[in-house]
Amino acid sequence: FVARLSDAALAAVSFAYPGQMLTIAVAVGTSVGVNALLSRRLGEGNREAADKVAHNGMLLMFFSWLAFAVFGLFCSELFFSFFTTNPAIAADGAAYLRVCLVFSLGMFFQICLERLIQVTGRTVFQMLSQMSGAIVNIILDPILIFGLLGAPKLGVLGAAVATVTAQGIVFALLARYAVQDQTLFAHVHLKRPAVRSELAAISKVSGPATAMNIIFPLIGMVIARLVAGWGDAAVAVQKVGSQIESISWMTADGFAAAVNSFIGQNYGAGNLQRARKGFKVSFALMTVWGVLCTCLLVFCAAPIFRLFIPEAQVLPMGVDYLVILGFSELFMCWEILVEGAYAGFGHTLPASVLSTVFTALRIPAALVLSATALGLSGIWWSISISSICKGMILTVMFVVFLNKMTRRQEM
């Protein structure tokens, strides 16, 4: 819908994307530690410790939101000065980012509640809540962007309002479920003071994952600035292309969260063999899904991209992006799943270090490859190649790690 406004409007939203990803990175990184520790405490049968983990995890989410809200309120214009000198793009983008950050409390608690509900194994309501939010977002976007049905025409700002409204609705639905739940949430008391030892334990597991997730958007900002050298159309292609590509990594992220919980509970209960079987089944499913996503992006790139940006002059760039990134979808699914499996054992550092190193290598690779005849496609190849390397190496590392743990338990 934003693409129907103008290339400049889409560029404004695209430049704001790394800022949004920073908030998601912190929320997801924190939830990794909450998920892993909560699963282990439940596996051990320690209900009181599990309740403390859930309570302190929500406190961490609140303070994380507060930090981003302050940043969004006072630093949005400074953030956009890194990307563009176009005053129209900067003004629209800063307004969009400010709304998304200041009103991101719903998103932070939404992610936290999602992970807590996943640990209990009751994910159907979570799925229905997400679907409700997506539908609300889809309905509100054209109404608020174009001023339909008597609503004010807000343009880019309307997209931000639709986004945070949908996030708030998902949070409200999940919170209603939490109030009625007797498995976990009935024992969580938000008015209790924070427990320093639990905060430290969560931070120890979440720290590497959060640092990695924060570094990724920062690297993405540098890549986005390189892409901007090819014009607003190139920026729009990356934004739309990454949204299309998310069909694979969002699914993988869901499986990774499930594997985190499954391994954590069984590891806490001392049942390593069942944890191992759970990973094998998930890995097989992710392999099938990754191959399907690769085929979809490589062989159906043109009709898929045309749904979002139909302009003939932009379509070839969009097809190049989807095809090149399509080759890495399988390996990206492996990478995300293995990171979740590592987190289930409480070992987030190895995956975080390797992923950060190879993601950082995208910058010099993009500079080198884009200076060749590949041009803009060289940047896409730098992203794809790094994902392929991360997926293969992390998978081998985890198999070795799992075999060592199995042998240690058998001794």
# chains A, B, ... in the order shown; residues from 1 in each chain; ligands from 1
$ residues_around --residues "Phe401 (chain A)" --least-positions-apart "3" --cutoff "12 Å" --atoms "only C-alpha atoms" --output "PyMOL selection string"
chain A and resi 276+338+341-342+345+347+350-351+394-398+404-408
$ closest_atom_pairs --of "region 327-395 of chain A" --to "region 37-40 of chain A" --cutoff "10 Å" --atoms "only C-alpha atoms" --output "tab-separated table"
residue	atom	partner	partner_atom	distance
A:Ala343	CA	A:Leu37	CA	9.2
A:Gly344	CA	A:Ser39	CA	7.9
A:Phe345	CA	A:Arg40	CA	8.6
A:Gly346	CA	A:Leu37	CA	7.6
$ residues_around --residues "region 141-155 of chain A" --least-positions-apart "2" --cutoff "10 Å" --atoms "only C-alpha atoms" --output "list in words"
Phe1, Val2, Arg4, Leu5, Ala9, Asp92, Tyr96, Val136, Asn137, Ile138, Ile139, Leu157, Gly158, Ala159, Ala160, Val161, Ala162 and Thr163 of chain A
$ select_by_dssp --residues "region 83-230 of chain A" --states "alpha helix (DSSP H)" --output "ChimeraX atom specification"
/A:87-102,105-120,124-146,156-180,196-228
